>>> print(open('coords30.txt').read())   # compact mmCIF, C-alpha atoms
# COMPACT_ATOMS: atom_id res chain seq x y z
CA MET A 298 11.31 22.56 -23.93
CA ASN A 299 9.93 23.49 -20.58
CA GLY A 300 11.06 23.50 -16.99
CA PHE A 301 9.63 20.12 -16.09
CA SER A 302 11.20 18.17 -18.91
CA ASP A 303 14.54 19.92 -18.47
CA ALA A 304 14.51 19.18 -14.76
CA ILE A 305 13.56 15.55 -15.29
CA LYS A 306 16.27 15.09 -17.91
CA GLN A 307 18.92 16.56 -15.67
CA GLY A 308 18.06 14.36 -12.73
CA PHE A 309 17.79 11.22 -14.86
CA ARG A 310 21.51 11.20 -15.57
CA ASN A 311 21.87 9.39 -12.25
CA LYS A 312 20.66 5.78 -12.37
CA ASP A 313 19.40 5.58 -8.78
CA TYR A 314 17.56 8.87 -9.26
CA ARG A 315 15.79 7.89 -12.49
CA HIS A 316 14.67 4.48 -11.21
CA SER A 317 13.31 5.96 -7.99
CA TYR A 318 11.59 8.79 -9.86
CA ALA A 319 9.95 6.32 -12.26
CA ASP A 320 8.86 4.02 -9.41
CA GLU A 321 7.30 6.89 -7.51
CA PHE A 322 5.63 8.29 -10.61
CA LEU A 323 4.16 4.83 -11.25
CA ASN A 324 2.70 4.74 -7.73
CA GLU A 325 1.18 8.16 -8.26
CA THR A 326 -0.24 7.16 -11.64
CA ILE A 327 -1.81 3.93 -10.41
CA ALA A 328 -3.46 5.51 -7.37
CA THR A 329 -4.74 8.44 -9.39
CA GLN A 330 -6.07 6.29 -12.23
CA ILE A 331 -7.89 3.93 -9.88
CA LYS A 332 -9.64 6.88 -8.24
CA THR A 333 -10.32 8.52 -11.60
CA LEU A 334 -11.86 5.35 -13.07
CA ARG A 335 -13.95 4.82 -9.96
CA GLU A 336 -15.28 8.35 -10.21
CA GLN A 337 -15.87 7.90 -13.94
CA HIS A 338 -18.20 5.03 -12.99
CA GLU A 339 -19.73 7.24 -10.28
CA TRP A 340 -18.90 4.55 -7.75
CA ARG A 341 -18.07 4.93 -4.10
CA GLN A 342 -15.17 2.97 -2.71
CA VAL A 343 -17.62 0.40 -1.35
CA ASP A 344 -19.06 -0.04 -4.84
CA LEU A 345 -15.64 -0.74 -6.30
CA ALA A 346 -14.89 -3.07 -3.41
CA ARG A 347 -18.02 -5.06 -4.19
CA GLU A 348 -17.28 -5.15 -7.93
CA SER A 349 -13.68 -6.21 -7.44
CA GLY A 350 -14.17 -8.58 -4.52
CA MET A 351 -11.79 -6.66 -2.29
CA PRO A 352 -12.42 -4.97 1.06
CA GLN A 353 -13.12 -1.25 1.00
CA SER A 354 -10.06 -0.66 3.16
CA MET A 355 -7.94 -2.14 0.38
CA ILE A 356 -9.52 0.21 -2.16
CA ALA A 357 -8.69 3.13 0.11
CA ARG A 358 -5.06 2.03 0.30
CA LEU A 359 -4.84 1.56 -3.46
CA GLU A 360 -6.15 5.09 -3.98
CA ASN A 361 -3.37 6.56 -1.87
CA VAL A 362 -0.35 7.85 -3.82
CA ASN A 363 1.85 6.84 -0.90
CA TYR A 364 0.93 3.15 -1.28
CA SER A 365 3.42 1.03 -3.18
CA SER A 366 2.54 -2.58 -2.34
CA TRP A 367 0.03 -3.17 -5.12
CA SER A 368 0.39 -6.32 -7.23
CA ILE A 369 -0.39 -7.25 -10.80
CA ASN A 370 -3.02 -9.63 -9.52
CA THR A 371 -4.75 -6.84 -7.60
CA LEU A 372 -4.67 -4.59 -10.63
CA ARG A 373 -6.16 -7.41 -12.73
CA LYS A 374 -9.13 -7.56 -10.37
CA LEU A 375 -9.63 -3.83 -10.70
CA ALA A 376 -9.37 -4.01 -14.49
CA ARG A 377 -12.13 -6.61 -14.51
CA ALA A 378 -14.27 -4.47 -12.23
CA PHE A 379 -13.81 -1.43 -14.48
CA ASP A 380 -14.28 -3.62 -17.60
CA VAL A 381 -11.05 -2.37 -19.13
CA ARG A 382 -7.84 -4.24 -19.87
CA LEU A 383 -4.65 -4.08 -17.84
CA ARG A 384 -1.50 -3.36 -19.85
CA VAL A 385 1.97 -3.84 -18.39
CA THR A 386 4.96 -2.90 -20.53
CA PHE A 387 8.62 -2.02 -20.08
CA GLU A 388 9.37 1.51 -21.24
CA THR A 389 12.27 3.86 -21.85
CA PHE A 390 12.97 6.57 -19.31
CA GLY A 391 12.39 9.18 -21.98
CA SER A 392 8.72 8.25 -22.02
CA VAL A 393 8.33 9.57 -18.47
CA ILE A 394 8.46 13.12 -19.76
CA GLY A 395 5.52 12.72 -22.12
CA GLU A 396 3.53 10.79 -19.52
CA PHE A 397 4.14 13.46 -16.95
CA GLU A 398 3.19 16.26 -19.33
CA SER A 399 -0.05 14.54 -20.35
CA PHE A 400 -0.96 13.41 -16.83
CA SER A 401 -4.52 14.59 -16.22
CA ARG A 402 -7.89 13.29 -15.13
CA GLN A 403 -9.02 13.12 -18.74
CA SER A 404 -5.95 11.23 -19.93
CA LEU A 405 -6.46 8.62 -17.21
CA GLN A 406 -10.11 7.91 -17.99
CA ARG A 407 -10.97 4.91 -20.15
CA ASP A 408 -14.09 3.90 -22.04
CA TYR A 409 -15.33 0.65 -20.56
CA PHE A 410 -16.43 -2.06 -22.93
CA ASP A 411 -20.05 -1.00 -23.32
CA ILE A 412 -19.01 2.39 -24.66
CA ASP A 413 -15.75 1.37 -26.34
CA PRO A 414 -16.16 2.90 -29.83
CA VAL A 415 -14.30 -0.01 -31.44
CA PHE A 416 -17.06 -2.37 -30.39
CA HIS A 417 -19.93 0.11 -30.25
CA PRO A 418 -19.39 2.62 -33.05
CA HIS A 419 -23.03 3.77 -32.86
CA VAL A 420 -22.62 4.95 -29.28
CA GLU A 421 -21.47 8.50 -28.89
CA PRO A 422 -18.33 8.60 -26.76
CA TYR A 423 -19.08 9.39 -23.18
CA PRO A 424 -18.16 13.02 -22.50
CA ARG A 425 -15.27 13.04 -20.08
CA LEU A 426 -15.47 16.55 -18.76
CA MET A 427 -18.23 17.43 -16.35
CA GLU A 428 -19.18 20.52 -18.29
CA GLU A 429 -19.55 18.49 -21.48
CA ARG A 430 -21.67 15.96 -19.66
CA LEU A 431 -24.01 18.55 -18.28
CA PHE A 432 -24.75 20.04 -21.67
CA LYS A 433 -25.44 16.81 -23.50
CA THR A 434 -29.08 16.30 -24.53
CA PRO A 435 -30.95 13.32 -25.93
CA ASP A 436 -31.76 13.58 -29.64
CA ARG A 437 -35.27 14.37 -30.87
CA PHE A 438 -36.05 10.73 -31.64
CA GLY A 439 -35.55 9.60 -28.10
CA ASN A 440 -32.44 7.56 -28.85
CA ILE A 441 -29.68 7.26 -26.26
CA ILE A 442 -26.86 9.59 -27.14
CA ALA A 443 -25.43 9.95 -23.66
CA PHE A 444 -25.74 8.01 -20.48
CA ALA A 445 -24.25 7.86 -17.06
CA PRO A 446 -21.18 5.73 -16.37
CA GLY A 447 -22.10 2.41 -14.90
CA GLN A 448 -25.51 2.55 -16.55
CA ALA A 449 -26.27 -0.60 -18.49
CA LEU A 450 -27.44 -0.25 -22.06
CA ALA A 451 -30.11 -2.90 -21.86
CA GLY A 452 -32.46 -1.73 -19.19
CA GLN A 453 -30.50 -2.74 -16.12
CA LYS A 454 -30.33 0.68 -14.62
CA THR A 455 -31.82 0.90 -11.15
CA GLN A 456 -31.26 4.47 -10.00
CA ALA A 457 -31.11 7.79 -11.79
CA SER A 458 -27.86 9.66 -11.23
CA PRO A 459 -27.68 13.45 -11.07
CA VAL A 460 -26.54 13.38 -14.68
CA ASP A 461 -29.61 11.35 -15.66
CA MET A 462 -31.88 13.74 -13.83
CA HIS A 463 -30.35 16.66 -15.65
CA LEU A 464 -30.70 14.94 -19.02
CA MET A 465 -34.29 14.07 -18.30
CA SER A 466 -35.14 17.62 -17.33
CA LEU A 467 -33.54 18.88 -20.53
CA ALA A 468 -35.46 16.30 -22.52
CA HIS A 469 -38.74 17.49 -21.05
CA ARG A 470 -37.91 21.05 -21.90
CA THR A 471 -36.76 20.39 -25.45
CA GLN A 472 -39.20 17.67 -26.50
CA GLY A 473 -42.13 17.74 -24.19
CA GLY A 474 -41.80 13.95 -24.26
CA SER A 475 -41.47 11.48 -21.46
CA ALA A 476 -38.26 11.23 -19.56
CA ASN A 477 -38.01 7.51 -20.13
CA ALA A 478 -38.33 7.97 -23.84
CA ALA A 479 -35.59 10.56 -23.75
CA LEU A 480 -33.27 8.02 -22.18
CA GLY A 481 -34.15 5.34 -24.68
CA GLY A 482 -37.38 4.11 -23.21
CA SER A 483 -35.87 0.99 -21.75
CA ALA A 484 -34.46 2.33 -18.54
CA ARG A 485 -35.86 0.75 -15.38
CA MET B 1357 -4.49 24.67 -16.35
CA ALA B 1358 -2.15 27.04 -14.55
CA GLU B 1359 0.64 25.49 -12.57
CA TRP B 1360 1.04 26.17 -8.88
CA MET B 1361 3.99 28.17 -7.65
CA LEU B 1362 6.41 26.56 -5.21
CA TYR B 1363 8.43 28.65 -2.79
CA ASP B 1364 11.10 27.84 -0.19
CA HIS B 1365 11.21 29.65 3.12
CA ALA B 1366 14.23 31.96 3.36
CA HIS B 1367 16.01 32.95 6.54
CA ARG B 1368 16.61 36.58 7.41
CA HIS B 1369 20.07 36.49 5.86
CA GLY B 1370 18.69 34.80 2.77
CA ALA B 1371 19.79 31.21 3.39
CA ASN B 1372 17.54 28.54 1.91
CA GLN B 1373 17.53 25.81 4.53
CA PHE B 1374 15.03 23.65 2.67
CA LYS B 1375 17.45 23.50 -0.24
CA ALA B 1376 20.29 22.68 2.15
CA TRP B 1377 18.19 19.87 3.66
CA SER B 1378 17.41 18.51 0.19
CA GLN B 1379 21.08 18.51 -0.73
CA CYS B 1380 21.78 16.09 2.12
CA LEU B 1381 19.35 13.47 0.77
CA GLN B 1382 20.35 10.32 -1.08
CA LYS B 1383 19.43 10.21 -4.78
CA PRO B 1384 16.48 7.77 -4.37
CA GLU B 1385 14.88 9.91 -1.65
CA LEU B 1386 15.56 13.05 -3.62
CA ALA B 1387 13.88 11.57 -6.70
CA LYS B 1388 10.78 10.62 -4.71
CA LEU B 1389 10.62 14.08 -3.20
CA ASN B 1390 10.87 15.67 -6.63
CA VAL B 1391 8.02 13.53 -8.03
CA LYS B 1392 5.77 14.77 -5.22
CA LEU B 1393 6.82 18.36 -5.75
CA ASP B 1394 6.40 18.07 -9.53
CA MET B 1395 2.88 16.72 -9.03
CA LEU B 1396 2.08 19.43 -6.54
CA GLN B 1397 3.34 22.11 -8.89
CA LYS B 1398 1.52 20.77 -11.92
CA HIS B 1399 -1.78 19.69 -10.34
CA GLY B 1400 -2.10 21.24 -6.93
CA PRO B 1401 -3.87 19.17 -4.29
CA ASP B 1402 -6.79 17.87 -6.33
CA LEU B 1403 -5.72 15.16 -8.75
CA PRO B 1404 -3.25 12.74 -7.12
CA PRO B 1405 -5.16 11.39 -4.12
CA GLN B 1406 -3.67 12.08 -0.69
CA LEU B 1407 -0.60 13.76 -2.07
CA LEU B 1408 -0.75 16.15 0.86
CA ALA B 1409 -1.11 14.70 4.35
CA GLY B 1410 -2.54 16.80 7.12
CA PRO B 1411 -3.07 19.37 8.38
CA ILE B 1412 -0.85 18.35 11.26
CA ARG B 1413 -2.67 18.16 14.58
CA GLY B 1414 -2.46 21.44 16.42
CA HIS B 1415 -1.19 23.29 13.34
CA ASN B 1416 -4.10 23.91 11.02
CA HIS B 1417 -2.05 25.35 8.16
CA ILE B 1418 0.85 22.92 8.14
CA TYR B 1419 0.84 19.88 5.84
CA LYS B 1420 3.42 17.21 5.10
CA LEU B 1421 4.53 15.18 2.13
CA LYS B 1422 5.16 11.49 2.82
CA ILE B 1423 8.24 10.05 1.17
CA LYS B 1424 8.85 6.41 1.96
CA GLY B 1425 12.28 4.84 2.08
CA HIS B 1426 15.01 3.84 4.48
CA VAL B 1427 14.32 7.21 6.08
CA GLN B 1428 10.72 8.44 6.25
CA LEU B 1429 11.02 11.97 4.91
CA ARG B 1430 8.33 14.44 5.94
CA PRO B 1431 8.94 17.88 4.44
CA LEU B 1432 6.47 20.34 5.95
CA LEU B 1433 4.73 22.96 3.87
CA CYS B 1434 1.71 25.23 3.75
CA LYS B 1435 -0.71 26.48 1.14
CA GLY B 1436 -0.01 30.06 0.18
CA PRO B 1437 0.39 31.70 2.56
CA ILE B 1438 -0.13 34.76 0.37
CA ARG B 1439 -2.26 33.33 -2.45
CA ASN B 1440 -3.72 30.13 -1.02
CA ASP B 1441 -5.14 28.81 -4.27
CA GLU B 1442 -2.05 29.38 -6.36
CA GLU B 1443 1.04 28.54 -4.34
CA TYR B 1444 2.74 26.37 -1.75
CA SER B 1445 5.63 27.27 0.52
CA LEU B 1446 8.11 24.61 1.65
CA LEU B 1447 8.93 25.44 5.25
CA ILE B 1448 11.17 22.83 6.86
CA GLY B 1449 12.67 19.42 6.17
CA ALA B 1450 11.85 16.75 8.72
CA ILE B 1451 11.70 12.97 9.10
CA GLU B 1452 9.31 10.71 10.97
CA GLN B 1453 10.46 8.19 13.56
CA GLY B 1454 8.06 6.16 15.70
CA GLY B 1455 5.15 8.22 14.49
CA LYS B 1456 6.76 11.49 15.58
CA LEU B 1457 8.36 14.26 13.61
CA VAL B 1458 12.10 14.79 14.00
CA PRO B 1459 13.29 17.35 14.91
CA ALA B 1460 10.76 17.67 17.71
CA GLY B 1461 8.90 20.90 17.33
CA ALA B 1462 9.24 20.84 13.55
CA ALA B 1463 5.57 21.64 13.07
CA ALA B 1464 5.75 24.61 15.44
CA GLU B 1465 8.85 25.85 13.66
CA ALA B 1466 7.05 25.45 10.34
CA GLU B 1467 4.20 27.59 11.63
CA ARG B 1468 6.68 30.21 12.85
CA ARG B 1469 8.27 30.32 9.40
CA ARG B 1470 4.86 30.58 7.80
CA GLN B 1471 4.17 33.66 9.90
CA GLU B 1472 7.51 35.11 8.82
CA ILE B 1473 6.51 34.73 5.19
CA ILE B 1474 3.14 36.36 5.81
CA ALA B 1475 4.87 39.28 7.50
CA ASP B 1476 7.45 39.76 4.75
CA PRO B 1477 6.84 37.65 1.65
CA GLN B 1478 9.41 39.52 -0.42
CA GLN B 1479 12.31 38.72 1.87
CA ARG B 1480 11.31 35.54 3.66
CA ARG B 1481 10.72 33.22 0.73
CA THR B 1482 12.28 32.46 -2.60
CA LEU B 1483 11.20 30.49 -5.65
CA HIS B 1484 11.72 26.79 -4.98
CA GLU B 1485 15.21 25.67 -5.89
CA ARG B 1486 15.13 22.14 -7.23
CA VAL B 1487 17.94 19.82 -6.15
CA PHE B 1488 18.94 16.86 -8.36
>>> encode(input="coords30.txt", output="structure tokens")
Amino acid sequence: MNGFSDAIKQGFRNKDYRHSYADEFLNETIATQIKTLREQHEWRQVDLARESGMPQSMIARLENVNYSSWSINTLRKLARAFDVRLRVTFETFGSVIGEFESFSRQSLQRDYFDIDPVFHPHVEPYPRLMEERLFKTPDRFGNIIAFAPGQALAGQKTQASPVDMHLMSLAHRTQGGSANAALGGSAR
Amino acid sequence: MAEWMLYDHAHRHGANQFKAWSQCLQKPELAKLNVKLDMLQKHGPDLPPQLLAGPIRGHNHIYKLKIKGHVQLRPLLCKGPIRNDEEYSLLIGAIEQGGKLVPAGAAAEAERRRQEIIADPQQRRTLHERVF
């Protein structure tokens, strides 16, 4: 038992307190996850605005923990843009403690469909921590074993990200092969 | 990841006015305040976007938390001021009306209290006392 969970439990004995705490925590979670997913895709706010069909100013509001006027319909649009599903459930108040304890950038990231291991078991999960990403290298056969978020699998990529550039430089050093081959040969 | 330390400013005679201010809040406002403080303590300023608002114009070290409700609570705080990457100090409780802080001069008072902590951190601050 730690200080946070004890403090949360004590406050939650009051009904008004626990409902307000949960509402505020939900606002914080939604804003933080939207920003986290956008950064996972290496998108700017304008990119997410374009993908979701909403103005950039709306994206900025949604990424503010002090904003509470989001709607399910808005979140559906974002889910489609991120190519993940939206899940809405009713939960016990006890679950707040676990959610608070596990709240982190990593726990809020989601594999979008193209790298969802259920549908693409041959694709190595995208490394979620920056340090893991930077030390990933292509395998010796030139197969894709890591790629930047937002990068299409089938040759739709248009611009190398800093991660790509790093992978390509590593590929040159380790294989002496071409950078395109290192990234699967089909990029661009 | 290490948690951040939260402190409350303490008056010369030891009174914790931030705690006293918190004790006057309604339960819904208090809960919202505690979520913000819990997030601040666990994650600092980096993860939840725009958790800290500011710095307040004319007071480069003073920030505010925004708590929405029937009353717009704006507790004022600063990073550090002793270890700026490890701690926050809650300085004064305030509200916002018509785009202005109430009481008037709250930001200046917050800066004055910050200086008091810098001058005597042992006596002029105490570990944050959570109010339920």
>>> interface_residues(input="coords30.txt", of="chain A", to="chain B", cutoff="8 Å", atoms="all atoms listed in the file", output="PyMOL selection string")
chain A and resi 301+307-308+311+313-318+321-322+325-326+328-329+332+360-363+401-402
>>> atom_distance(input="coords30.txt", atom1="atom CA of B:Glu1465", atom2="atom CA of B:Glu1359")
27.5 Å
>>> atom_distance(input="coords30.txt", atom1="atom CA of A:Arg347", atom2="atom CA of A:Phe379")
11.7 Å
>>> atom_distance(input="coords30.txt", atom1="atom CA of B:Tyr1444", atom2="atom CA of B:Trp1360")
7.3 Å
>>> residues_around(input="coords30.txt", residues="stretch 367-371 of chain A", least_positions_apart="4", cutoff="12 Å", atoms="only C-alpha atoms", output="ChimeraX atom specification")
/A:323-325,327-328,331,346,349-352,355-363,375-378,383-386
>>> write_last_selection(input="coords30.txt", atoms="C-alpha atoms", output="PDB file, in the frame of the given file")
ATOM      1  CA  LEU A 323       4.160   4.830 -11.250  1.00  0.00           C
ATOM      2  CA  ASN A 324       2.700   4.740  -7.730  1.00  0.00           C
ATOM      3  CA  GLU A 325       1.180   8.160  -8.260  1.00  0.00           C
ATOM      4  CA  ILE A 327      -1.810   3.930 -10.410  1.00  0.00           C
ATOM      5  CA  ALA A 328      -3.460   5.510  -7.370  1.00  0.00           C
ATOM      6  CA  ILE A 331      -7.890   3.930  -9.880  1.00  0.00           C
ATOM      7  CA  ALA A 346     -14.890  -3.070  -3.410  1.00  0.00           C
ATOM      8  CA  SER A 349     -13.680  -6.210  -7.440  1.00  0.00           C
ATOM      9  CA  GLY A 350     -14.170  -8.580  -4.520  1.00  0.00           C
ATOM     10  CA  MET A 351     -11.790  -6.660  -2.290  1.00  0.00           C
ATOM     11  CA  PRO A 352     -12.420  -4.970   1.060  1.00  0.00           C
ATOM     12  CA  MET A 355      -7.940  -2.140   0.380  1.00  0.00           C
ATOM     13  CA  ILE A 356      -9.520   0.210  -2.160  1.00  0.00           C
ATOM     14  CA  ALA A 357      -8.690   3.130   0.110  1.00  0.00           C
ATOM     15  CA  ARG A 358      -5.060   2.030   0.300  1.00  0.00           C
ATOM     16  CA  LEU A 359      -4.840   1.560  -3.460  1.00  0.00           C
ATOM     17  CA  GLU A 360      -6.150   5.090  -3.980  1.00  0.00           C
ATOM     18  CA  ASN A 361      -3.370   6.560  -1.870  1.00  0.00           C
ATOM     19  CA  VAL A 362      -0.350   7.850  -3.820  1.00  0.00           C
ATOM     20  CA  ASN A 363       1.850   6.840  -0.900  1.00  0.00           C
ATOM     21  CA  LEU A 375      -9.630  -3.830 -10.700  1.00  0.00           C
ATOM     22  CA  ALA A 376      -9.370  -4.010 -14.490  1.00  0.00           C
ATOM     23  CA  ARG A 377     -12.130  -6.610 -14.510  1.00  0.00           C
ATOM     24  CA  ALA A 378     -14.270  -4.470 -12.230  1.00  0.00           C
ATOM     25  CA  LEU A 383      -4.650  -4.080 -17.840  1.00  0.00           C
ATOM     26  CA  ARG A 384      -1.500  -3.360 -19.850  1.00  0.00           C
ATOM     27  CA  VAL A 385       1.970  -3.840 -18.390  1.00  0.00           C
ATOM     28  CA  THR A 386       4.960  -2.900 -20.530  1.00  0.00           C
TER      29      THR A 386
END
>>> residues_around(input="coords30.txt", residues="B:Leu1362", least_positions_apart="2", cutoff="6 Å", atoms="only C-alpha atoms", output="JSON, numbers by chain")
{"B": [1443, 1444, 1445, 1484]}
>>> closest_residue(input="coords30.txt", among="B:Arg1480, B:His1369, B:Arg1469, B:Lys1456", to="B:Leu1429", atoms="all atoms listed in the file")
B:Lys1456
>>> residues_around(input="coords30.txt", residues="B:Gly1455", least_positions_apart="5", cutoff="12 Å", atoms="only C-alpha atoms", output="VMD selection string")
chain B and resid 1428 to 1430 1460
